[in-house]
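Asker: My structure file work05.txt, compact mmCIF, C-alpha atoms, is below:
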```
# COMPACT_ATOMS: atom_id res chain seq x y z
CA MET I 910 -14.58 -13.83 -38.22
CA LYS I 911 -12.35 -15.97 -40.42
CA GLY I 912 -8.99 -15.18 -42.00
CA GLY I 913 -7.65 -11.79 -42.93
CA GLY I 914 -6.40 -10.81 -39.51
CA ARG I 915 -4.71 -7.68 -40.85
CA GLU I 916 -7.79 -6.72 -42.89
CA ALA I 917 -9.92 -7.26 -39.78
CA GLY I 918 -8.16 -4.38 -38.10
CA TYR I 919 -5.68 -6.17 -35.84
CA PRO I 920 -2.37 -4.36 -35.32
CA ASP I 921 0.66 -5.74 -37.17
CA PRO I 922 3.80 -6.03 -34.95
CA VAL I 923 5.99 -5.87 -38.06
CA ASN I 924 4.61 -2.55 -39.29
CA LEU I 925 3.96 -1.20 -35.77
CA PRO I 926 7.17 -1.82 -33.77
CA SER I 927 5.68 -0.10 -30.71
CA VAL I 928 3.10 -2.89 -30.45
CA SER I 929 4.47 -6.23 -29.31
CA ALA I 930 3.41 -9.55 -30.80
CA LEU I 931 2.08 -10.53 -27.38
CA GLN I 932 -0.17 -7.44 -27.30
CA CYS I 933 -1.47 -8.28 -30.77
CA PHE I 934 -2.10 -11.86 -29.67
CA GLU I 935 -4.09 -10.66 -26.64
CA GLN I 936 -6.28 -8.48 -28.87
CA VAL I 937 -6.92 -11.34 -31.30
CA ILE I 938 -7.93 -13.95 -28.73
CA GLY I 939 -9.86 -11.37 -26.71
CA ALA I 940 -12.22 -10.58 -29.61
CA PRO I 941 -15.86 -11.75 -29.38
CA GLU I 942 -15.14 -14.14 -32.29
CA PRO I 943 -11.36 -14.71 -32.30
CA ASP I 944 -9.60 -15.06 -35.65
CA TRP I 945 -7.56 -18.21 -34.99
CA ASP I 946 -5.71 -17.87 -38.32
CA ALA I 947 -4.49 -14.45 -37.21
CA ALA I 948 -3.44 -15.92 -33.86
CA LEU I 949 -1.51 -18.71 -35.59
CA ALA I 950 0.21 -16.15 -37.81
CA LEU I 951 1.51 -14.41 -34.69
CA LEU I 952 3.37 -17.48 -33.38
CA ALA I 953 6.60 -16.73 -35.25
CA PRO I 954 6.88 -13.11 -34.00
CA ILE I 955 5.90 -14.25 -30.51
CA GLU I 956 8.76 -16.77 -30.49
CA LYS I 957 11.14 -14.17 -31.89
CA GLU I 958 10.39 -11.68 -29.11
CA GLY I 959 10.58 -14.42 -26.46
CA SER I 960 7.01 -14.19 -25.16
CA ALA I 961 5.76 -17.72 -25.90
CA GLU I 962 5.30 -18.57 -22.21
CA GLU I 963 3.31 -15.40 -21.58
CA ALA I 964 1.16 -16.06 -24.67
CA GLN I 965 0.45 -19.60 -23.48
CA ALA I 966 -0.63 -18.26 -20.08
CA ARG I 967 -2.99 -15.75 -21.77
CA LEU I 968 -4.50 -18.48 -23.95
CA ARG I 969 -4.90 -20.82 -20.97
CA HIS I 970 -7.00 -18.18 -19.18
CA HIS I 971 -9.11 -17.50 -22.28
CA ARG I 972 -12.66 -18.79 -21.83
CA MET I 973 -14.46 -20.19 -24.86
CA PRO I 974 -18.25 -20.61 -25.01
CA LYS I 975 -19.40 -24.00 -23.75
CA GLY I 976 -19.02 -26.65 -26.44
CA ALA I 977 -16.92 -24.45 -28.73
CA HIS I 978 -13.62 -26.11 -29.65
CA PRO I 979 -12.54 -24.91 -33.12
CA PRO I 980 -9.89 -27.12 -34.79
CA LYS I 981 -7.65 -24.09 -35.31
CA LEU I 982 -7.76 -23.38 -31.56
CA LYS I 983 -6.57 -26.92 -30.84
CA GLN I 984 -3.77 -26.45 -33.35
CA LEU I 985 -2.84 -23.14 -31.73
CA LYS I 986 -2.69 -24.73 -28.28
CA ILE I 987 -0.41 -27.52 -29.49
CA ARG I 988 2.00 -25.26 -31.39
CA LEU I 989 2.08 -22.66 -28.63
CA GLY I 990 2.70 -25.41 -26.06
CA VAL I 991 5.74 -26.61 -28.02
CA ALA I 992 7.06 -23.05 -28.33
CA ALA I 993 6.55 -22.39 -24.61
CA GLU I 994 8.34 -25.62 -23.66
CA LYS I 995 11.31 -24.66 -25.83
CA ALA I 996 11.36 -21.21 -24.20
CA ARG I 997 11.34 -22.79 -20.71
CA ASP I 998 14.24 -25.10 -21.62
CA ARG I 999 16.21 -22.17 -22.98
CA ARG I 1000 15.46 -20.08 -19.91
CA SER I 1001 16.46 -22.94 -17.63
CA ALA I 1002 19.88 -23.20 -19.29
CA GLU I 1003 20.37 -19.44 -19.24
CA THR I 1004 19.42 -19.24 -15.55
CA ARG I 1005 21.98 -21.87 -14.54
CA LEU I 1006 24.74 -20.00 -16.36
CA ASP I 1007 23.62 -16.48 -15.43
CA SER I 1008 26.55 -14.83 -13.65
CA GLU I 1009 24.50 -11.65 -13.02
CA ARG I 1010 21.74 -13.42 -11.12
CA GLY I 1011 21.38 -12.54 -7.45
CA ILE I 1012 19.00 -12.11 -4.53
CA LEU I 1013 17.48 -8.90 -3.23
CA ARG I 1014 16.76 -9.42 0.47
CA LEU I 1015 13.88 -7.14 1.38
CA ARG I 1016 12.97 -5.91 4.85
CA TYR I 1017 9.56 -4.30 5.23
CA GLY I 1018 6.74 -3.42 7.57
CA ARG I 1019 3.22 -4.72 6.95
CA GLY I 1020 0.26 -2.80 8.34
CA GLU I 1021 -3.35 -3.57 9.16
CA ALA I 1022 -4.68 -2.97 5.64
CA LEU I 1023 -2.70 -6.01 4.44
CA ALA I 1024 -3.07 -8.15 7.57
CA HIS I 1025 -6.03 -10.08 6.16
CA LEU I 1026 -3.99 -11.51 3.26
CA ASN I 1027 -2.76 -15.09 3.51
CA PRO I 1028 0.88 -15.80 2.50
CA ALA I 1029 0.02 -16.63 -1.13
CA GLN I 1030 -2.07 -13.47 -1.54
CA PHE I 1031 0.57 -11.27 0.05
CA LEU I 1032 3.27 -12.87 -2.12
CA SER I 1033 1.27 -11.95 -5.21
CA GLN I 1034 0.96 -8.37 -3.94
CA LEU I 1035 4.69 -8.19 -3.28
CA GLY I 1036 5.50 -9.45 -6.78
CA LYS I 1037 3.35 -6.73 -8.33
CA VAL I 1038 5.12 -4.04 -6.27
CA LEU I 1039 8.54 -5.29 -7.41
CA GLN I 1040 7.47 -5.28 -11.04
CA ALA I 1041 6.01 -1.78 -10.74
CA ALA I 1042 9.33 -0.61 -9.25
CA GLY I 1043 11.25 -1.96 -12.24
CA LEU I 1044 12.77 -4.79 -10.19
CA ALA I 1045 11.03 -7.62 -12.00
CA PRO I 1046 12.05 -10.92 -10.41
CA ILE I 1047 13.16 -13.92 -12.47
CA GLN I 1048 10.24 -16.12 -13.48
CA SER I 1049 9.96 -19.70 -12.26
CA LEU I 1050 10.25 -22.67 -14.65
CA GLU I 1051 6.74 -23.98 -13.98
CA ARG I 1052 4.11 -24.30 -16.71
CA SER I 1053 2.52 -21.17 -15.29
CA PRO I 1054 5.60 -19.05 -14.48
CA ARG I 1055 5.49 -16.93 -11.34
CA PRO I 1056 7.92 -14.37 -9.92
CA LEU I 1057 10.66 -16.00 -7.84
CA VAL I 1058 9.85 -14.19 -4.61
CA ALA I 1059 9.89 -16.08 -1.29
CA LEU I 1060 8.65 -14.83 2.07
CA GLY I 1061 10.56 -15.17 5.27
CA HIS I 1062 8.69 -16.72 8.18
CA PRO I 1063 5.05 -15.90 7.31
CA LEU I 1064 2.86 -13.82 9.58
CA PRO I 1065 -0.32 -15.44 10.90
CA VAL I 1066 -3.32 -14.02 9.06
CA GLY I 1067 -4.71 -10.97 10.84
CA LEU I 1068 -1.45 -9.83 12.45
CA THR I 1069 0.93 -7.01 11.53
CA GLY I 1070 4.73 -6.91 11.44
CA ARG I 1071 7.28 -4.11 11.70
CA SER I 1072 10.35 -5.92 10.32
CA GLU I 1073 9.51 -8.77 7.95
CA TRP I 1074 11.70 -10.45 5.31
CA ALA I 1075 11.45 -11.66 1.73
CA ASP I 1076 13.89 -12.76 -1.00
CA ALA I 1077 13.49 -11.84 -4.67
CA GLU I 1078 15.69 -13.44 -7.35
CA VAL I 1079 16.64 -10.86 -9.98
CA SER I 1080 18.92 -10.57 -13.00
CA PRO I 1081 20.82 -8.43 -13.51
CA MET I 1082 21.26 -7.07 -10.01
CA PRO I 1083 20.39 -3.33 -10.11
CA ASN I 1084 23.53 -1.20 -9.96
CA VAL I 1085 22.08 1.56 -7.75
CA PRO I 1086 22.46 2.41 -4.03
CA GLU I 1087 20.13 0.80 -1.49
CA ASP I 1088 18.42 4.10 -0.63
CA ALA I 1089 17.53 4.58 -4.32
CA LEU I 1090 16.02 1.09 -4.49
CA LEU I 1091 14.01 1.74 -1.32
CA ALA I 1092 12.72 5.00 -2.77
CA ARG I 1093 11.55 3.19 -5.93
CA LEU I 1094 9.83 0.46 -3.94
CA ASN I 1095 8.08 2.78 -1.49
CA ALA I 1096 6.93 5.04 -4.33
CA VAL I 1097 4.77 2.24 -5.79
CA ALA I 1098 3.93 0.27 -2.61
CA PRO I 1099 0.50 0.54 -0.95
CA ALA I 1100 0.31 2.64 2.21
CA ALA I 1101 0.33 -0.44 4.47
CA LEU I 1102 3.64 -1.69 3.03
CA LEU I 1103 6.84 0.17 3.95
CA PHE I 1104 10.27 -1.05 2.84
CA SER I 1105 13.23 -0.35 5.15
CA GLY I 1106 15.96 -2.59 3.71
CA CYS I 1107 17.03 -3.93 0.31
CA THR I 1108 20.31 -5.85 0.41
CA ALA I 1109 22.01 -7.38 -2.64
CA LEU I 1110 23.20 -10.95 -2.06
CA PRO I 1111 24.75 -13.64 -4.29
CA ALA I 1112 22.45 -16.27 -5.77
CA TYR I 1113 23.83 -18.97 -3.47
CA ALA I 1114 22.74 -17.18 -0.26
CA THR I 1115 20.64 -19.32 2.09
CA PRO I 1116 16.90 -18.56 1.70
CA VAL I 1117 15.67 -16.17 4.38
CA LEU I 1118 13.01 -18.63 5.55
CA GLU I 1119 15.72 -21.15 6.49
CA LEU I 1120 17.59 -18.44 8.43
CA SER I 1121 14.57 -17.31 10.46
CA CYS I 1122 15.15 -18.43 14.05
CA LEU I 1123 13.45 -16.04 16.50
CA ALA I 1124 10.32 -13.89 16.40
CA HIS I 1125 9.88 -10.94 18.77
CA TRP I 1126 6.30 -9.97 19.68
CA ARG I 1127 4.51 -7.24 21.60
CA TRP I 1128 0.97 -7.38 22.93
CA PRO I 1129 -0.82 -4.31 24.39
CA CYS I 1130 -2.64 -5.87 27.32
CA PRO I 1131 -5.97 -4.19 28.15
CA ALA I 1132 -5.67 -2.16 31.39
CA ASP I 1133 -8.58 -3.99 33.06
CA SER I 1134 -6.87 -7.36 32.40
CA ARG I 1135 -3.33 -6.39 33.44
CA TRP I 1136 -3.39 -7.88 36.95
CA ASP I 1137 -4.94 -11.19 35.88
CA ALA I 1138 -2.66 -11.41 32.82
CA GLY I 1139 0.42 -10.77 34.96
CA ARG I 1140 -0.52 -13.58 37.31
CA LYS I 1141 -1.09 -16.05 34.47
CA ILE I 1142 2.13 -15.08 32.67
CA GLU I 1143 4.08 -15.70 35.90
CA ALA I 1144 2.53 -19.16 36.16
CA PHE I 1145 3.45 -19.86 32.53
CA GLU I 1146 7.08 -18.78 33.11
CA ALA I 1147 7.37 -21.04 36.15
CA ALA I 1148 5.95 -24.06 34.32
CA THR I 1149 8.21 -26.65 32.68
CA SER I 1150 5.40 -27.83 30.43
CA PHE I 1151 2.44 -26.07 28.82
CA CYS I 1152 0.04 -27.36 26.17
CA ILE I 1153 -2.46 -25.58 23.97
CA GLU I 1154 -5.25 -27.11 21.94
CA LYS I 1155 -4.83 -27.43 18.19
CA THR I 1156 -7.34 -28.68 15.64
CA GLY I 1157 -5.94 -31.29 13.29
CA LYS I 1158 -6.32 -34.78 11.92
CA VAL I 1159 -5.52 -37.89 13.92
CA GLY I 1160 -5.87 -41.18 12.05
CA GLY I 1161 -7.64 -39.39 9.22
CA GLN I 1162 -10.26 -37.94 11.54
CA LYS I 1163 -10.54 -34.27 12.49
CA SER I 1164 -9.97 -33.80 16.21
CA VAL I 1165 -8.54 -31.49 18.84
CA LYS I 1166 -5.10 -32.42 20.16
CA GLN I 1167 -2.79 -31.06 22.83
CA VAL I 1168 0.47 -29.46 21.63
CA GLU I 1169 3.45 -28.77 23.91
CA VAL I 1170 4.65 -25.16 23.45
CA ARG I 1171 6.59 -24.17 26.56
CA HIS I 1172 9.98 -24.89 24.94
CA LEU I 1173 9.16 -22.51 22.07
CA VAL I 1174 8.67 -19.42 24.26
CA GLU I 1175 11.37 -17.38 25.97
CA ALA I 1176 12.24 -13.89 27.23
CA LEU I 1177 8.83 -12.74 28.53
CA SER I 1178 8.78 -9.27 30.10
CA TRP I 1179 6.43 -6.36 30.71
CA LYS I 1180 7.08 -2.98 29.09
CA GLY I 1181 4.48 -0.90 30.89
CA GLN I 1182 1.12 -2.27 29.75
CA ASP I 1183 2.73 -4.22 26.88
CA LEU I 1184 3.86 -7.82 27.09
CA ALA I 1185 7.06 -8.46 25.13
CA PHE I 1186 8.05 -12.04 24.38
CA THR I 1187 10.10 -14.13 21.96
CA THR I 1188 9.20 -17.37 20.20
CA ARG I 1189 11.49 -19.83 18.47
CA ILE I 1190 10.68 -20.38 14.81
CA SER I 1191 12.07 -22.41 11.92
CA ALA I 1192 11.17 -23.33 8.37
CA HIS I 1193 9.33 -26.41 9.70
CA GLU I 1194 8.01 -25.25 13.08
CA ALA I 1195 6.02 -22.24 14.21
CA LEU I 1196 3.84 -21.21 17.10
CA ASN I 1197 0.83 -18.99 16.53
CA PRO I 1198 1.33 -16.37 19.28
CA GLN I 1199 -2.33 -15.39 19.23
CA LYS I 1200 -3.34 -18.95 20.14
CA LEU I 1201 -0.50 -19.09 22.68
CA LEU I 1202 -1.71 -16.00 24.56
CA ALA I 1203 -5.31 -17.18 24.31
CA GLY I 1204 -4.27 -20.49 25.86
CA ILE I 1205 -2.39 -18.77 28.69
CA MET I 1206 -5.25 -16.35 29.41
CA GLY I 1207 -8.01 -18.92 28.99
CA VAL I 1208 -9.83 -16.93 26.28
CA GLU I 1209 -10.66 -17.32 22.60
CA PRO I 1210 -7.86 -16.33 20.13
CA THR I 1211 -10.11 -13.59 18.69
CA ALA I 1212 -10.02 -11.86 22.12
CA ILE I 1213 -6.28 -11.16 21.71
CA LYS I 1214 -6.20 -7.75 19.99
CA GLY I 1215 -3.31 -5.61 18.77
CA LEU I 1216 -0.63 -8.33 18.78
CA GLU I 1217 2.29 -7.32 16.56
CA ARG I 1218 5.51 -8.95 15.44
CA ILE I 1219 8.29 -6.45 16.15
CA ALA I 1220 11.06 -8.30 14.35
CA VAL I 1221 12.25 -11.63 12.96
CA GLU I 1222 15.81 -12.50 13.88
CA LEU I 1223 18.00 -14.28 11.31
CA ALA I 1224 20.77 -16.77 11.96
CA GLU I 1225 24.21 -16.25 10.42
CA ASP I 1226 24.40 -17.47 6.83
CA LYS I 1227 27.12 -20.12 6.66
CA ARG I 1228 27.08 -20.07 2.86
CA LEU I 1229 28.16 -16.43 2.82
CA LEU I 1230 30.95 -17.26 5.26
CA GLN I 1231 32.21 -19.91 2.80
CA ALA I 1232 31.69 -17.85 -0.33
CA GLU I 1233 34.82 -19.14 -2.09
CA ARG I 1234 33.28 -22.65 -2.31
CA PHE I 1235 30.19 -21.45 -4.12
CA GLU I 1236 31.79 -18.72 -6.23
CA LEU I 1237 34.34 -21.19 -7.60
CA LYS I 1238 31.62 -23.60 -8.70
CA LEU I 1239 29.63 -20.87 -10.41
CA LYS I 1240 32.73 -19.53 -12.12
CA ASN I 1241 33.73 -22.96 -13.40
CA ILE I 1242 30.26 -23.66 -14.77
CA TYR I 1243 30.30 -20.35 -16.60
CA GLU I 1244 33.82 -20.82 -17.98
CA ASP I 1245 33.04 -24.37 -19.12
CA ALA I 1246 29.98 -23.13 -20.99
CA VAL I 1247 31.99 -20.40 -22.73
CA LEU I 1248 34.73 -22.88 -23.63
CA LEU I 1249 32.34 -25.44 -25.07
CA SER I 1250 30.42 -22.83 -27.04
CA ALA I 1251 33.66 -21.71 -28.70
CA GLY I 1252 33.77 -24.88 -30.84
CA PRO I 1253 35.52 -28.26 -30.95
CA ASN I 1254 39.07 -26.93 -31.14
CA LEU I 1255 40.05 -28.58 -27.86
CA GLN I 1256 43.38 -30.09 -26.96
CA LEU I 1257 43.67 -33.22 -24.82
CA VAL I 1258 46.98 -34.16 -23.27
CA ASP I 1259 47.71 -37.79 -22.36
CA ASP I 1260 50.16 -38.09 -19.50
CA ASP I 1261 51.71 -41.13 -21.18
CA GLU I 1262 52.29 -39.33 -24.48
CA ASP I 1263 54.79 -36.66 -25.36
CA GLU I 1264 52.56 -35.01 -27.97
CA PRO I 1265 49.05 -33.60 -27.31
CA LEU I 1266 46.03 -34.97 -29.13
CA HIS I 1267 44.07 -32.41 -31.19
CA LEU I 1268 40.32 -32.50 -31.75
CA GLY I 1269 38.71 -30.50 -34.52
```
Would you mind giving the structure from this file in structure tokens?
Answerer:
Amino acid sequence: MKGGGREAGYPDPVNLPSVSALQCFEQVIGAPEPDWDAALALLAPIEKEGSAEEAQARLRHHRMPKGAHPPKLKQLKIRLGVAAEKARDRRSAETRLDSERGILRLRYGRGEALAHLNPAQFLSQLGKVLQAAGLAPIQSLERSPRPLVALGHPLPVGLTGRSEWADAEVSPMPNVPEDALLARLNAVAPAALLFSGCTALPAYATPVLELSCLAHWRWPCPADSRWDAGRKIEAFEAATSFCIEKTGKVGGQKSVKQVEVRHLVEALSWKGQDLAFTTRISAHEALNPQKLLAGIMGVEPTAIKGLERIAVELAEDKRLLQAERFELKLKNIYEDAVLLSAGPNLQLVDDDEDEPLHLG
């Protein structure tokens, strides 16, 4: 199929305003024999509607038959790459000067149906929920843009959590009450994901991962193991040192090493058949509680069933306590940009001169 994209039946974004240039582009490159002339003709409307980065991502994922590299496709990749780079530069400048940009701090519960997802997979799921709720996060400035959503302290794969955290960067911040935002999120979230908090914060707030300091856990101990578990937990509490085995690399070789963990565990207590305990966490240090309990009990980690993170405790955000420092900087950047964009009619005053100097 060569030339005549309009005659070939492709929608025209000029004559069909309801169809975006990006949608037309997807149809063209998705055809069994793409019309590369028609795709090239769509570059101008794609740039005009601001979807060059999205179009580049679609083209990057397009699979051509082995050995097929039409010259027009190469030309399209080059021109679209230039357009996408310009769009990223423009978006970078706009983001730095965006006075409406902020953070939505999300609190949620994560059930068993999502426990098998690793942090990257769950982050992707969370981004889709936000977009479906009309709270599309700002896109990153990478070559393959992704939603700017960051998890708090990640759950170990296979475990559930009642009160987890995540930050989503958005612009503009939605001007609706928190309960309305929660209703929108829960309406589109899968059954195993329940949102319980959605707090608006300024863009300079400390990331929630850096604030995570304590994790509270609860383990339903099997009734036939309660006496033995109680005895071993008492021995652990009385110990000043306790090591568990961890697989890792030492000198480039895979090996099993001993890791000291006693200082990371505090506040152990029994609530009936359940063991409640707290572990210290940080952005750079974490203790897998499943492996901890397995080490204390002398069993395999897979034998620890039903362990759940009840809550993650956050430290006080010092940036929010010193808001005037950050707000002033953001305000000055914004005002400087407005002033410079107004033109060269600036006035400089020399302290040694009586009369001001005029530029422009």
Asker: To one decimal place, how far is atom CA of I:Ser1053 from atom CA of I:Gly990 in Å?
Answerer: 11.6 Å
Asker: Report, in Å with one decimal, the straight-line distance from atom CA of I:Asp946 to atom CA of I:Lys995.
Answerer: 22.2 Å
Asker: Using only C-alpha atoms, determine which residues lie at most 7 Å from stretch 1113-1118 of chain I, disregarding the query and same-chain residues fewer than 5 positions distant; provide the list as a VMD selection string.
Answerer: chain I and resid 1060 to 1062 1075 to 1076 1192 1226 1228 to 1229 1235
Asker: Can you tell me which residues surround I:Val1079 at a distance of at most 6 Å, considering all atoms listed in the file, apart from same-chain residues fewer than 4 positions away, and format the answer as a ChimeraX atom specification?
Answerer: /I:1010-1011,1046-1047
Asker: Rounded to one decimal, what separation in Å do you get between atom CA of I:Phe1104 and atom CA of I:Tyr1017?
Answerer: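 Computing it gives 4.1 Å between the two atoms.
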Asker: Please list as a ChimeraX atom specification every residue within 9 Å of I:Leu1064, counting all atoms listed in the file and excluding residues in the same chain fewer than 5 positions away.
Answerer: /I:1024,1027-1028,1069-1070,1073,1197,1218
Asker: Go ahead and dump the residues you just picked, C-alpha atoms, as an mmCIF file, in the frame of the given file.
Answerer:
```cif
data_model
loop_
_atom_site.group_PDB
_atom_site.id
_atom_site.type_symbol
_atom_site.label_atom_id
_atom_site.label_comp_id
_atom_site.auth_asym_id
_atom_site.auth_seq_id
_atom_site.Cartn_x
_atom_site.Cartn_y
_atom_site.Cartn_z
ATOM 1 C CA ALA I 1024 -3.070 -8.150 7.570
ATOM 2 C CA ASN I 1027 -2.760 -15.090 3.510
ATOM 3 C CA PRO I 1028 0.880 -15.800 2.500
ATOM 4 C CA THR I 1069 0.930 -7.010 11.530
ATOM 5 C CA GLY I 1070 4.730 -6.910 11.440
ATOM 6 C CA GLU I 1073 9.510 -8.770 7.950
ATOM 7 C CA ASN I 1197 0.830 -18.990 16.530
ATOM 8 C CA ARG I 1218 5.510 -8.950 15.440
#
```
Asker: Nearest to I:Glu1217 among I:Arg1093, I:Arg1019, I:Arg1140, I:Arg1052, with distances taken over only C-alpha atoms: which residue is it?
Answerer: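 When distances to I:Glu1217 are compared using only C-alpha atoms, the smallest one comes from I:Arg1019.
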Asker: Within 10 Å of (11.3, -27.6, 27.1) (file coordinates; only C-alpha atoms), which protein or nucleic acid residues are there? I'd like them as an mmCIF file with C-alpha atoms, in the coordinates of the input.
Answerer:
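Saved to selection39.cif:
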```cif
data_model
loop_
_atom_site.group_PDB
_atom_site.id
_atom_site.type_symbol
_atom_site.label_atom_id
_atom_site.label_comp_id
_atom_site.auth_asym_id
_atom_site.auth_seq_id
_atom_site.Cartn_x
_atom_site.Cartn_y
_atom_site.Cartn_z
ATOM 1 C CA ALA I 1148 5.950 -24.060 34.320
ATOM 2 C CA THR I 1149 8.210 -26.650 32.680
ATOM 3 C CA SER I 1150 5.400 -27.830 30.430
ATOM 4 C CA PHE I 1151 2.440 -26.070 28.820
ATOM 5 C CA GLU I 1169 3.450 -28.770 23.910
ATOM 6 C CA VAL I 1170 4.650 -25.160 23.450
ATOM 7 C CA ARG I 1171 6.590 -24.170 26.560
ATOM 8 C CA HIS I 1172 9.980 -24.890 24.940
ATOM 9 C CA LEU I 1173 9.160 -22.510 22.070
ATOM 10 C CA VAL I 1174 8.670 -19.420 24.260
#
```
Asker: Residues at most 8 Å from I:Gly1036, counting all atoms listed in the file, excluding those fewer than 3 positions away in the same chain, as a compact mmCIF listing (two decimals) with C-alpha atoms, in the frame of the given file?
Answerer:
```
# COMPACT_ATOMS: atom_id res chain seq x y z
CA LEU I 1032 3.27 -12.87 -2.12
CA SER I 1033 1.27 -11.95 -5.21
CA LEU I 1039 8.54 -5.29 -7.41
CA GLN I 1040 7.47 -5.28 -11.04
CA ALA I 1045 11.03 -7.62 -12.00
CA PRO I 1046 12.05 -10.92 -10.41
CA PRO I 1056 7.92 -14.37 -9.92
CA VAL I 1058 9.85 -14.19 -4.61
```
Asker: Given only C-alpha atoms as the basis, pick out the residue of I:Leu1090, I:Ile1190, I:Leu985, I:Ala993 nearest to I:Gly959.
Answerer: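 The answer is I:Ala993, which sits nearest to I:Gly959.
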Asker: Between I:Arg1055, I:Arg1016, I:Lys981, I:Arg1135, which one has atoms that come closest to I:Ala1029, using all atoms listed in the file?
Answerer: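 When distances to I:Ala1029 are compared using all atoms listed in the file, the smallest one comes from I:Arg1055.
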Asker: If we count all atoms listed in the file and set the cut-off at 10 Å, which residues sit around I:Leu952, ignoring sequence neighbours fewer than 6 positions away in its own chain? Please answer as a ChimeraX atom specification.
Answerer: /I:930-931,934,960-961,964,985,988-989,992
Asker: I need the residue nearest I:Leu1015 from this list: I:Glu1222, I:Glu1194, I:Glu1087, I:Glu1175. Use all atoms listed in the file for the distance.
Answerer: I:Glu1087
Asker: Using all atoms listed in the file, which residue out of I:Ala1224, I:Ala1232, I:Ala1144, I:Cys1122 lies closest to I:Thr1187?
Answerer: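 Of all the options, I:Cys1122 lies closest to I:Thr1187.
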Asker: Between I:Lys983, I:Ala996, I:Leu1184, I:Gly1018, single out the one closest to I:Ala1100, counting only C-alpha atoms.
Answerer: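 Residue with the minimum atom-to-atom distance to I:Ala1100: I:Gly1018.
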Asker: Using all atoms listed in the file, collect all residues at a distance of at most 12 Å from (-0.8, -20.6, 25.1) as written in the file, then present them as a ChimeraX atom specification.
Answerer: /I:1141-1142,1144-1146,1148,1150-1155,1167-1174,1188,1196-1210,1213
Asker: May I ask you to restore N, CA, C and O atoms in stretch 1143-1154 of chain I and write the result as a compact mmCIF listing (two decimals), in the coordinates of the input?
Answerer:
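Result went into part-v4.txt, see below:
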```
# COMPACT_ATOMS: atom_id res chain seq x y z
N GLU I 1143 3.13 -15.20 34.91
CA GLU I 1143 4.08 -15.70 35.90
C GLU I 1143 3.96 -17.21 36.05
O GLU I 1143 4.98 -17.93 36.16
N ALA I 1144 2.74 -17.72 36.05
CA ALA I 1144 2.53 -19.16 36.16
C ALA I 1144 3.09 -19.88 34.94
O ALA I 1144 3.68 -20.97 35.05
N PHE I 1145 2.93 -19.26 33.77
CA PHE I 1145 3.45 -19.86 32.53
C PHE I 1145 4.98 -19.91 32.58
O PHE I 1145 5.59 -20.93 32.23
N GLU I 1146 5.62 -18.81 33.03
CA GLU I 1146 7.08 -18.78 33.11
C GLU I 1146 7.62 -19.84 34.07
O GLU I 1146 8.68 -20.43 33.83
N ALA I 1147 6.90 -20.08 35.15
CA ALA I 1147 7.37 -21.04 36.15
C ALA I 1147 7.15 -22.49 35.72
O ALA I 1147 7.78 -23.40 36.26
N ALA I 1148 6.29 -22.70 34.74
CA ALA I 1148 5.95 -24.06 34.32
C ALA I 1148 7.06 -24.65 33.45
O ALA I 1148 7.73 -23.94 32.70
N THR I 1149 7.25 -25.93 33.55
CA THR I 1149 8.21 -26.65 32.68
C THR I 1149 7.50 -27.25 31.48
O THR I 1149 8.15 -27.67 30.52
N SER I 1150 6.18 -27.28 31.53
CA SER I 1150 5.40 -27.83 30.43
C SER I 1150 4.11 -27.03 30.30
O SER I 1150 3.51 -26.61 31.30
N PHE I 1151 3.69 -26.78 29.04
CA PHE I 1151 2.44 -26.07 28.82
C PHE I 1151 1.91 -26.49 27.46
O PHE I 1151 2.63 -26.45 26.45
N CYS I 1152 0.65 -26.90 27.41
CA CYS I 1152 0.04 -27.36 26.17
C CYS I 1152 -1.12 -26.45 25.78
O CYS I 1152 -1.82 -25.92 26.65
N ILE I 1153 -1.28 -26.28 24.48
CA ILE I 1153 -2.46 -25.58 23.97
C ILE I 1153 -3.19 -26.53 23.03
O ILE I 1153 -2.60 -27.47 22.48
N GLU I 1154 -4.46 -26.26 22.82
CA GLU I 1154 -5.25 -27.11 21.94
C GLU I 1154 -5.07 -26.70 20.49
O GLU I 1154 -4.98 -25.51 20.17
```
